[in-house]
>>> print(open('entry35.cif').read())   # mmCIF, N, CA and C atoms
data_run
loop_
_atom_site.label_atom_id
_atom_site.label_comp_id
_atom_site.auth_asym_id
_atom_site.auth_seq_id
_atom_site.Cartn_x
_atom_site.Cartn_y
_atom_site.Cartn_z
N MET L 1 0.85 -1.17 0.00
CA MET L 1 0.00 0.00 0.00
C MET L 1 0.90 1.23 0.00
N ALA L 2 0.57 2.19 -0.85
CA ALA L 2 1.36 3.42 -0.94
C ALA L 2 1.03 4.35 0.22
N ARG L 3 2.00 5.19 0.53
CA ARG L 3 1.81 6.17 1.59
C ARG L 3 2.14 7.54 1.00
N ILE L 4 1.28 8.53 1.28
CA ILE L 4 1.53 9.89 0.81
C ILE L 4 1.36 10.86 1.97
N SER L 5 1.96 12.02 1.83
CA SER L 5 1.80 13.09 2.82
C SER L 5 1.09 14.24 2.14
N VAL L 6 0.11 14.80 2.83
CA VAL L 6 -0.68 15.90 2.28
C VAL L 6 -0.83 16.96 3.35
N GLU L 7 -0.62 18.21 2.96
CA GLU L 7 -0.88 19.32 3.88
C GLU L 7 -2.32 19.76 3.71
N LEU L 8 -3.05 19.84 4.82
CA LEU L 8 -4.45 20.23 4.80
C LEU L 8 -4.65 21.54 5.55
N SER L 9 -5.66 22.27 5.13
CA SER L 9 -6.03 23.46 5.89
C SER L 9 -6.62 23.01 7.23
N ASP L 10 -6.69 23.92 8.18
CA ASP L 10 -7.29 23.59 9.47
C ASP L 10 -8.74 23.15 9.28
N LYS L 11 -9.44 23.81 8.37
CA LYS L 11 -10.84 23.48 8.11
C LYS L 11 -10.96 22.05 7.58
N ALA L 12 -10.13 21.67 6.61
CA ALA L 12 -10.18 20.32 6.05
C ALA L 12 -9.85 19.28 7.11
N GLU L 13 -8.88 19.57 7.95
CA GLU L 13 -8.52 18.63 9.01
C GLU L 13 -9.68 18.43 9.98
N LYS L 14 -10.38 19.51 10.33
CA LYS L 14 -11.53 19.40 11.23
C LYS L 14 -12.65 18.58 10.59
N ILE L 15 -12.84 18.76 9.28
CA ILE L 15 -13.87 17.99 8.58
C ILE L 15 -13.53 16.50 8.62
N ILE L 16 -12.29 16.17 8.29
CA ILE L 16 -11.87 14.76 8.29
C ILE L 16 -11.96 14.18 9.70
N ASP L 17 -11.51 14.92 10.69
CA ASP L 17 -11.60 14.45 12.08
C ASP L 17 -13.05 14.18 12.47
N GLY L 18 -13.93 15.11 12.13
CA GLY L 18 -15.35 14.96 12.47
C GLY L 18 -15.99 13.76 11.78
N LEU L 19 -15.68 13.59 10.50
CA LEU L 19 -16.23 12.45 9.77
C LEU L 19 -15.71 11.13 10.35
N ALA L 20 -14.43 11.08 10.67
CA ALA L 20 -13.84 9.86 11.23
C ALA L 20 -14.50 9.52 12.57
N LYS L 21 -14.74 10.51 13.39
CA LYS L 21 -15.40 10.25 14.68
C LYS L 21 -16.83 9.80 14.47
N ASP L 22 -17.56 10.49 13.57
CA ASP L 22 -18.95 10.12 13.30
C ASP L 22 -19.08 8.71 12.75
N GLU L 23 -18.16 8.32 11.90
CA GLU L 23 -18.20 7.01 11.26
C GLU L 23 -17.45 5.94 12.05
N ARG L 24 -16.80 6.37 13.12
CA ARG L 24 -16.01 5.45 13.96
C ARG L 24 -14.98 4.69 13.14
N THR L 25 -14.22 5.47 12.38
CA THR L 25 -13.18 4.89 11.53
C THR L 25 -11.97 5.81 11.56
N SER L 26 -10.97 5.48 10.79
CA SER L 26 -9.75 6.28 10.77
C SER L 26 -9.86 7.43 9.76
N LYS L 27 -9.00 8.42 9.95
CA LYS L 27 -8.93 9.52 8.98
C LYS L 27 -8.48 9.00 7.62
N ALA L 28 -7.59 8.04 7.61
CA ALA L 28 -7.13 7.44 6.35
C ALA L 28 -8.29 6.79 5.62
N ASP L 29 -9.18 6.12 6.35
CA ASP L 29 -10.33 5.48 5.71
C ASP L 29 -11.28 6.52 5.13
N ILE L 30 -11.45 7.64 5.81
CA ILE L 30 -12.29 8.72 5.29
C ILE L 30 -11.71 9.24 3.98
N VAL L 31 -10.41 9.42 3.93
CA VAL L 31 -9.77 9.90 2.69
C VAL L 31 -9.92 8.87 1.58
N ARG L 32 -9.76 7.58 1.91
CA ARG L 32 -9.93 6.53 0.90
C ARG L 32 -11.36 6.51 0.37
N ARG L 33 -12.34 6.66 1.25
CA ARG L 33 -13.74 6.68 0.82
C ARG L 33 -14.03 7.89 -0.06
N ALA L 34 -13.50 9.03 0.34
CA ALA L 34 -13.71 10.25 -0.44
C ALA L 34 -13.12 10.11 -1.83
N LEU L 35 -11.94 9.54 -1.92
CA LEU L 35 -11.29 9.33 -3.22
C LEU L 35 -12.10 8.37 -4.07
N ALA L 36 -12.59 7.29 -3.48
CA ALA L 36 -13.40 6.33 -4.22
C ALA L 36 -14.69 6.97 -4.72
N LEU L 37 -15.32 7.78 -3.89
CA LEU L 37 -16.55 8.47 -4.30
C LEU L 37 -16.28 9.46 -5.41
N TYR L 38 -15.22 10.24 -5.30
CA TYR L 38 -14.85 11.20 -6.35
C TYR L 38 -14.58 10.47 -7.66
N ASN L 39 -13.86 9.37 -7.60
CA ASN L 39 -13.56 8.60 -8.79
C ASN L 39 -14.84 8.07 -9.44
N PHE L 40 -15.75 7.54 -8.64
CA PHE L 40 -17.02 7.02 -9.15
C PHE L 40 -17.83 8.13 -9.82
N VAL L 41 -17.98 9.25 -9.14
CA VAL L 41 -18.78 10.35 -9.67
C VAL L 41 -18.17 10.88 -10.96
N GLN L 42 -16.87 11.06 -10.97
CA GLN L 42 -16.22 11.58 -12.16
C GLN L 42 -16.36 10.61 -13.33
N SER L 43 -16.16 9.33 -13.09
CA SER L 43 -16.26 8.37 -14.19
C SER L 43 -17.69 8.23 -14.70
N GLU L 44 -18.66 8.28 -13.82
CA GLU L 44 -20.06 8.17 -14.23
C GLU L 44 -20.56 9.41 -14.97
N THR L 45 -20.06 10.55 -14.59
CA THR L 45 -20.55 11.79 -15.21
C THR L 45 -19.76 12.17 -16.44
N LYS L 46 -18.47 12.00 -16.40
CA LYS L 46 -17.61 12.44 -17.51
C LYS L 46 -17.77 11.53 -18.73
N ALA L 47 -17.67 10.25 -18.54
CA ALA L 47 -17.68 9.31 -19.65
C ALA L 47 -19.04 9.25 -20.34
N ALA L 48 -20.10 9.33 -19.57
CA ALA L 48 -21.43 9.14 -20.14
C ALA L 48 -22.15 10.46 -20.39
N GLY L 49 -21.52 11.58 -20.11
CA GLY L 49 -22.16 12.87 -20.30
C GLY L 49 -23.35 13.08 -19.38
N ARG L 50 -23.29 12.49 -18.21
CA ARG L 50 -24.38 12.64 -17.25
C ARG L 50 -23.98 13.63 -16.16
N LYS L 51 -24.94 13.97 -15.30
CA LYS L 51 -24.66 14.84 -14.16
C LYS L 51 -25.21 14.21 -12.90
N LEU L 52 -24.69 14.63 -11.78
CA LEU L 52 -25.12 14.15 -10.48
C LEU L 52 -26.05 15.19 -9.89
N SER L 53 -27.21 14.74 -9.44
CA SER L 53 -28.20 15.67 -8.87
C SER L 53 -28.64 15.19 -7.51
N LEU L 54 -28.95 16.15 -6.64
CA LEU L 54 -29.56 15.84 -5.34
C LEU L 54 -31.05 16.08 -5.49
N THR L 55 -31.84 15.11 -5.07
CA THR L 55 -33.29 15.24 -5.17
C THR L 55 -33.93 15.18 -3.79
N ASN L 56 -35.12 15.71 -3.70
CA ASN L 56 -35.87 15.63 -2.44
C ASN L 56 -36.72 14.36 -2.44
N ASP L 57 -37.53 14.20 -1.42
CA ASP L 57 -38.32 12.98 -1.32
C ASP L 57 -39.40 12.85 -2.39
N LYS L 58 -39.62 13.90 -3.16
CA LYS L 58 -40.58 13.86 -4.27
C LYS L 58 -39.86 13.68 -5.62
N ASN L 59 -38.58 13.35 -5.55
CA ASN L 59 -37.72 13.17 -6.74
C ASN L 59 -37.59 14.44 -7.57
N GLU L 60 -37.73 15.58 -6.93
CA GLU L 60 -37.50 16.86 -7.60
C GLU L 60 -36.04 17.24 -7.40
N VAL L 61 -35.39 17.64 -8.48
CA VAL L 61 -33.98 18.03 -8.40
C VAL L 61 -33.87 19.33 -7.63
N GLU L 62 -33.04 19.31 -6.60
CA GLU L 62 -32.81 20.51 -5.80
C GLU L 62 -31.46 21.13 -6.10
N LYS L 63 -30.51 20.29 -6.53
CA LYS L 63 -29.17 20.81 -6.79
C LYS L 63 -28.42 19.87 -7.73
N ASP L 64 -27.73 20.42 -8.70
CA ASP L 64 -26.85 19.65 -9.55
C ASP L 64 -25.43 19.81 -9.03
N ILE L 65 -24.68 18.73 -9.04
CA ILE L 65 -23.29 18.77 -8.60
C ILE L 65 -22.40 18.63 -9.84
N VAL L 66 -21.57 19.62 -10.03
CA VAL L 66 -20.70 19.65 -11.20
C VAL L 66 -19.25 19.62 -10.73
N LEU L 67 -18.50 18.63 -11.21
CA LEU L 67 -17.09 18.55 -10.88
C LEU L 67 -16.29 19.32 -11.90
N PRO L 68 -15.21 19.95 -11.49
CA PRO L 68 -14.37 20.68 -12.45
C PRO L 68 -13.78 19.73 -13.49
N GLN L 69 -13.69 20.18 -14.70
CA GLN L 69 -13.13 19.37 -15.79
C GLN L 69 -11.64 19.50 -15.83
#
>>> encode(input="entry35.cif", output="structure tokens")
Amino acid sequence: MARISVELSDKAEKIIDGLAKDERTSKADIVRRALALYNFVQSETKAAGRKLSLTNDKNEVEKDIVLPQ
């Protein structure tokens, strides 16, 4: 398994710490999950020309999520 070092802002570190505590997992696992999710979203939207949307309980689109190209 590869190891990397990354400098994070204080805000990003607090977010990762909070997510790790909420999920009862490690900060490394949170980063791995985030990377996997980013990879999935990018591959699903970029290759197929689709977009990711957040919908409410009535299936109405409330927000589109666009990743930078």
>>> atom_distance(input="entry35.cif", atom1="atom C of L:Ser5", atom2="atom CA of L:Ala28")
11.5 Å
>>> atom_distance(input="entry35.cif", atom1="atom CA of L:Thr55", atom2="atom C of L:Ile16")
26.0 Å
>>> atom_distance(input="entry35.cif", atom1="atom CA of L:Asp64", atom2="atom CA of L:Leu52")
5.8 Å
>>> residues_around(input="entry35.cif", residues="L:Gln42", least_positions_apart="6", cutoff="8 Å", atoms="only N, CA and C atoms", output="list in words")
Ala36, Ala48 and Leu67 of chain L
>>> axis_aligned_box(input="entry35.cif", around="stretch 31-48 of chain L", padding_each_side="5 Å", output="JSON")
{"center_x": -16.0, "center_y": 9.4, "center_z": -8.2, "size_x": 22.4, "size_y": 16.1, "size_z": 34.3}
>>> resolve_selection(input="entry35.cif", expression="the PyMOL selection byres (((chain L and resi 63 and name CA) around 7) and name CA)", output="compact mmCIF listing (two decimals) with N, CA and C atoms, in the frame of the given file")
# COMPACT_ATOMS: atom_id res chain seq x y z
N SER L 53 -27.21 14.74 -9.44
CA SER L 53 -28.20 15.67 -8.87
C SER L 53 -28.64 15.19 -7.51
N LEU L 54 -28.95 16.15 -6.64
CA LEU L 54 -29.56 15.84 -5.34
C LEU L 54 -31.05 16.08 -5.49
N VAL L 61 -35.39 17.64 -8.48
CA VAL L 61 -33.98 18.03 -8.40
C VAL L 61 -33.87 19.33 -7.63
N GLU L 62 -33.04 19.31 -6.60
CA GLU L 62 -32.81 20.51 -5.80
C GLU L 62 -31.46 21.13 -6.10
N ASP L 64 -27.73 20.42 -8.70
CA ASP L 64 -26.85 19.65 -9.55
C ASP L 64 -25.43 19.81 -9.03
N ILE L 65 -24.68 18.73 -9.04
CA ILE L 65 -23.29 18.77 -8.60
C ILE L 65 -22.40 18.63 -9.84
>>> closest_residue(input="entry35.cif", among="L:Met1, L:Ser26, L:Val66, L:Glu7", to="L:Tyr38", atoms="only C-alpha atoms")
L:Val66
